[in-house]
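Peer 1: Contents of target_33.txt (compact mmCIF, C-alpha atoms) are below:
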# COMPACT_ATOMS: atom_id res chain seq x y z
CA MET D 1 130.07 154.17 31.76
CA GLN D 2 130.25 157.53 29.99
CA ASN D 3 127.35 156.66 27.68
CA PHE D 4 125.22 155.60 30.66
CA THR D 5 126.08 158.80 32.52
CA GLY D 6 125.12 160.92 29.50
CA VAL D 7 121.76 159.16 29.17
CA VAL D 8 121.01 159.60 32.88
CA ILE D 9 121.86 163.31 32.77
CA LYS D 10 119.57 163.82 29.75
CA LYS D 11 116.69 161.97 31.43
CA LEU D 12 117.15 163.94 34.63
CA ALA D 13 117.16 167.25 32.75
CA LYS D 14 114.03 166.28 30.78
CA ALA D 15 112.14 165.19 33.91
CA ALA D 16 113.13 168.34 35.78
CA ASN D 17 112.09 170.55 32.85
CA THR D 18 108.72 168.80 32.57
CA ALA D 19 108.13 169.26 36.30
CA LYS D 20 109.20 172.92 36.05
CA TYR D 21 112.04 172.49 38.52
CA THR D 22 115.80 172.62 38.33
CA VAL D 23 118.01 170.13 40.10
CA GLU D 24 121.21 170.78 41.96
CA TRP D 25 123.80 168.18 42.88
CA ASP D 26 123.49 167.56 46.61
CA SER D 27 125.78 164.65 47.47
CA ALA D 28 127.21 161.39 46.18
CA THR D 29 128.23 158.15 47.85
CA VAL D 30 130.19 155.19 46.53
CA VAL D 31 129.73 151.75 48.09
CA ILE D 32 132.47 149.22 47.32
CA SER D 33 131.76 145.51 47.74
CA ALA D 34 133.13 142.16 46.56
CA ASP D 35 132.17 138.48 46.61
CA ARG D 36 132.64 136.71 49.94
CA PHE D 37 132.84 140.08 51.67
CA ALA D 38 130.20 140.59 54.38
CA LYS D 39 127.74 143.44 53.92
CA ALA D 40 128.88 144.86 57.25
CA GLY D 41 132.34 145.20 55.73
CA TRP D 42 131.26 147.11 52.62
CA ILE D 43 133.11 150.38 52.26
CA SER D 44 131.03 153.54 51.93
CA ILE D 45 132.77 156.75 50.84
CA ASP D 46 131.19 160.20 50.44
CA VAL D 47 132.36 161.76 47.19
CA GLU D 48 132.69 165.51 47.43
CA GLU D 49 135.87 166.19 45.50
CA GLU D 50 138.12 164.64 42.90
CA SER D 51 140.56 163.58 45.64
CA LYS D 52 137.97 161.14 46.98
CA TRP D 53 138.07 159.25 43.67
CA LYS D 54 141.75 158.50 44.41
CA VAL D 55 140.66 156.85 47.69
CA ILE D 56 138.09 154.75 45.83
CA GLU D 57 140.70 153.68 43.26
CA GLU D 58 143.08 152.71 46.08
CA TRP D 59 140.43 150.53 47.74
CA ILE D 60 139.62 148.79 44.45
CA GLU D 61 143.33 148.26 43.79
CA GLU D 62 143.73 146.72 47.26
CA PHE D 63 140.81 144.37 46.59
CA MET D 64 142.41 143.33 43.30
CA ILE D 65 145.75 142.63 45.02
CA LYS D 66 143.92 140.46 47.58
CA LYS D 67 142.40 138.53 44.64
CA ARG D 68 138.81 139.49 45.45
CA VAL D 69 136.36 138.63 42.68
CA ASN D 70 133.35 140.56 41.38
CA ILE D 71 134.39 143.89 42.82
CA THR D 72 131.47 146.32 42.60
CA ALA D 73 131.49 150.08 43.09
CA LYS D 74 127.98 151.56 43.21
CA LEU D 75 127.65 155.30 42.79
CA VAL D 76 124.55 156.92 44.28
CA VAL D 77 123.99 160.60 43.47
CA HIS D 78 121.41 162.68 45.32
CA TYR D 79 119.95 165.75 43.68
CA GLN D 80 117.97 168.50 45.34
CA LYS D 81 114.83 169.83 43.67
CA VAL D 82 114.74 173.64 43.38
CA GLU D 83 111.89 175.73 41.96
CA ARG D 84 112.73 177.71 38.86
CA ASP D 85 112.40 181.49 39.05
CA ASP D 86 111.57 181.92 35.37
CA VAL D 87 108.38 179.82 35.50
CA GLU D 88 105.29 181.61 36.75
CA SER D 89 102.76 179.73 38.75
CA SER D 90 99.88 178.48 36.62
CA ASP D 91 97.43 179.40 39.41
CA GLU D 92 98.25 183.10 39.07
CA ASP D 93 97.55 183.16 35.32
CA LYS D 94 94.07 181.62 35.48
CA PRO D 95 91.08 183.92 35.85
CA PRO D 96 88.86 183.16 38.83
CA GLY D 97 86.66 180.19 38.08
CA ARG D 98 82.89 180.22 38.20
CA GLY D 99 81.11 178.26 40.85
CA ALA D 100 78.91 175.32 40.00
CA LYS D 101 75.48 176.22 38.69
CA VAL D 102 72.55 175.05 40.77
Could you rewrite the structure in this file as structure tokens?
Peer 2:
Amino acid sequence: MQNFTGVVIKKLAKAANTAKYTVEWDSATVVISADRFAKAGWISIDVEEESKWKVIEEWIEEFMIKKRVNITAKLVVHYQKVERDDVESSDEDKPPGRGAKV
């Protein structure tokens, strides 16, 4: 999991740098599911602090005690795109273009 997280962070940073934006963490949600557990019963938890991870661990532990199989916890992280202040607009640097010749 740590290797995957590191790769994702590097790809996100590279894409943001190429697009001349920075990204800020906006929110995260974990969805916990298991086999033979209806989609309507999936547990969705907003992760804002470390204490929320304890809640997620407790739910997974409860599923394990109830002998649920194929327990899945999907983490979805939303980032917000923010313009960088240190990058000047490319439109400002270009001299005025000439019109088409007729």
Peer 1: So, with all atoms listed in the file as the atoms that count, which of D:Arg68, D:Lys14, D:Lys20, D:Lys52 lies closest to Ser33 of chain D?
Peer 2: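 For Ser33 of chain D, the nearest of the given residues is D:Arg68.
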Peer 1: Enter the distance from atom CA of Lys10 of chain D to atom CA of Ala28 of chain D, in Å, rounded to one decimal.
Peer 2: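 About the pair atom CA of Lys10 of chain D and atom CA of Ala28 of chain D: they are 18.3 Å apart.
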Peer 1: Kindly give the distance, in Å, that separates atom CA of Gly41 of chain D and atom CA of Asp26 of chain D, rounded to a single decimal.
Peer 2: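 Separation of atom CA of Gly41 of chain D and atom CA of Asp26 of chain D: 25.7 Å.
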Peer 1: Given the point (125.7, 156.7, 45.0) in the coordinates of this file, which residues lie within 6 Å, counting all atoms listed in the file, and how would they look as an MDAnalysis selection string?
Peer 2: chainID D and resid 28:30 74:77
Peer 1: Please determine, counting all atoms listed in the file, which residue among D:Glu48, D:Glu57, D:Asp35, D:Glu24 has the shortest atom-to-atom distance to Arg84 of chain D.
Peer 2: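 Closest to Arg84 of chain D of all the choices is D:Glu24.
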Peer 1: Report the distance between atom CA of Leu12 of chain D and atom CA of Val47 of chain D in Å, rounded to one decimal place.
Peer 2: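 Taking atom CA of Leu12 of chain D as the start and atom CA of Val47 of chain D as the end point, the length is 19.8 Å.
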Peer 1: Extract, using all atoms listed in the file, all DNA, RNA and protein residues at most 12 Å from Asn70 of chain D, discarding same-chain residues fewer than 5 positions from it, and format them as number ranges by chain.
Peer 2: D: 32-37, 60, 63-64
Peer 1: Between D:Ser51, D:Ile45, D:Ala38, D:Thr22, which residue has the minimum interatomic distance to Gln80 of chain D, considering all atoms listed in the file?
Peer 2: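 Comparing D:Ser51, D:Ile45, D:Ala38, D:Thr22 against Gln80 of chain D, the winner is D:Thr22.
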Peer 1: Return the single residue from D:Ala13, D:Asp46, D:Val82, D:Thr72 that is closest to Ser27 of chain D, with distances computed using only C-alpha atoms.
Peer 2: D:Asp46
Peer 1: Determine the nearest neighbour of Trp42 of chain D from the options D:Lys67, D:Glu61, D:Ala73, D:Tyr21, counting all atoms listed in the file.
Peer 2: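 Using all atoms listed in the file, Trp42 of chain D sits closest to D:Ala73.
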Peer 1: Generate N, CA, C and O atoms for segment 12-28 of chain D and emit them as a PDB file, in the coordinates of the input.
Peer 2:
ATOM      1  N   LEU D  12     117.355 163.097  33.463  1.00  0.00           N
ATOM      2  CA  LEU D  12     117.150 163.940  34.630  1.00  0.00           C
ATOM      3  C   LEU D  12     116.767 165.360  34.215  1.00  0.00           C
ATOM      4  O   LEU D  12     115.837 165.943  34.759  1.00  0.00           O
ATOM      5  N   ALA D  13     117.461 165.899  33.229  1.00  0.00           N
ATOM      6  CA  ALA D  13     117.160 167.250  32.750  1.00  0.00           C
ATOM      7  C   ALA D  13     115.756 167.321  32.157  1.00  0.00           C
ATOM      8  O   ALA D  13     115.020 168.283  32.401  1.00  0.00           O
ATOM      9  N   LYS D  14     115.368 166.295  31.395  1.00  0.00           N
ATOM     10  CA  LYS D  14     114.030 166.280  30.780  1.00  0.00           C
ATOM     11  C   LYS D  14     112.943 166.199  31.854  1.00  0.00           C
ATOM     12  O   LYS D  14     111.948 166.922  31.801  1.00  0.00           O
ATOM     13  N   ALA D  15     113.134 165.331  32.844  1.00  0.00           N
ATOM     14  CA  ALA D  15     112.140 165.190  33.910  1.00  0.00           C
ATOM     15  C   ALA D  15     112.027 166.466  34.728  1.00  0.00           C
ATOM     16  O   ALA D  15     110.929 166.889  35.087  1.00  0.00           O
ATOM     17  N   ALA D  16     113.152 167.099  35.004  1.00  0.00           N
ATOM     18  CA  ALA D  16     113.130 168.340  35.780  1.00  0.00           C
ATOM     19  C   ALA D  16     112.454 169.461  34.998  1.00  0.00           C
ATOM     20  O   ALA D  16     111.702 170.256  35.556  1.00  0.00           O
ATOM     21  N   ASN D  17     112.700 169.527  33.691  1.00  0.00           N
ATOM     22  CA  ASN D  17     112.090 170.550  32.850  1.00  0.00           C
ATOM     23  C   ASN D  17     110.578 170.350  32.764  1.00  0.00           C
ATOM     24  O   ASN D  17     109.815 171.308  32.848  1.00  0.00           O
ATOM     25  N   THR D  18     110.144 169.106  32.627  1.00  0.00           N
ATOM     26  CA  THR D  18     108.720 168.800  32.570  1.00  0.00           C
ATOM     27  C   THR D  18     108.026 169.178  33.873  1.00  0.00           C
ATOM     28  O   THR D  18     106.914 169.689  33.863  1.00  0.00           O
ATOM     29  N   ALA D  19     108.708 168.950  34.992  1.00  0.00           N
ATOM     30  CA  ALA D  19     108.130 169.260  36.300  1.00  0.00           C
ATOM     31  C   ALA D  19     108.316 170.725  36.690  1.00  0.00           C
ATOM     32  O   ALA D  19     107.882 171.138  37.764  1.00  0.00           O
ATOM     33  N   LYS D  20     108.954 171.496  35.820  1.00  0.00           N
ATOM     34  CA  LYS D  20     109.200 172.920  36.050  1.00  0.00           C
ATOM     35  C   LYS D  20     110.053 173.168  37.291  1.00  0.00           C
ATOM     36  O   LYS D  20     109.789 174.052  38.091  1.00  0.00           O
ATOM     37  N   TYR D  21     111.066 172.356  37.451  1.00  0.00           N
ATOM     38  CA  TYR D  21     112.040 172.490  38.520  1.00  0.00           C
ATOM     39  C   TYR D  21     113.440 172.420  37.922  1.00  0.00           C
ATOM     40  O   TYR D  21     113.624 171.957  36.807  1.00  0.00           O
ATOM     41  N   THR D  22     114.407 172.877  38.672  1.00  0.00           N
ATOM     42  CA  THR D  22     115.800 172.620  38.330  1.00  0.00           C
ATOM     43  C   THR D  22     116.340 171.706  39.423  1.00  0.00           C
ATOM     44  O   THR D  22     115.771 171.615  40.510  1.00  0.00           O
ATOM     45  N   VAL D  23     117.396 171.016  39.117  1.00  0.00           N
ATOM     46  CA  VAL D  23     118.010 170.130  40.100  1.00  0.00           C
ATOM     47  C   VAL D  23     119.436 170.580  40.343  1.00  0.00           C
ATOM     48  O   VAL D  23     120.113 171.047  39.436  1.00  0.00           O
ATOM     49  N   GLU D  24     119.847 170.458  41.574  1.00  0.00           N
ATOM     50  CA  GLU D  24     121.210 170.780  41.960  1.00  0.00           C
ATOM     51  C   GLU D  24     121.820 169.542  42.605  1.00  0.00           C
ATOM     52  O   GLU D  24     121.160 168.847  43.373  1.00  0.00           O
ATOM     53  N   TRP D  25     123.084 169.301  42.290  1.00  0.00           N
ATOM     54  CA  TRP D  25     123.800 168.180  42.880  1.00  0.00           C
ATOM     55  C   TRP D  25     123.906 168.407  44.367  1.00  0.00           C
ATOM     56  O   TRP D  25     124.320 169.467  44.826  1.00  0.00           O
ATOM     57  N   ASP D  26     123.483 167.434  45.155  1.00  0.00           N
ATOM     58  CA  ASP D  26     123.490 167.560  46.610  1.00  0.00           C
ATOM     59  C   ASP D  26     124.653 166.774  47.212  1.00  0.00           C
ATOM     60  O   ASP D  26     125.485 167.330  47.908  1.00  0.00           O
ATOM     61  N   SER D  27     124.709 165.481  46.938  1.00  0.00           N
ATOM     62  CA  SER D  27     125.780 164.650  47.470  1.00  0.00           C
ATOM     63  C   SER D  27     125.893 163.374  46.646  1.00  0.00           C
ATOM     64  O   SER D  27     125.011 163.058  45.860  1.00  0.00           O
ATOM     65  N   ALA D  28     126.997 162.669  46.862  1.00  0.00           N
ATOM     66  CA  ALA D  28     127.210 161.390  46.180  1.00  0.00           C
ATOM     67  C   ALA D  28     127.935 160.456  47.132  1.00  0.00           C
ATOM     68  O   ALA D  28     128.753 160.883  47.948  1.00  0.00           O
TER      69      ALA D  28
END
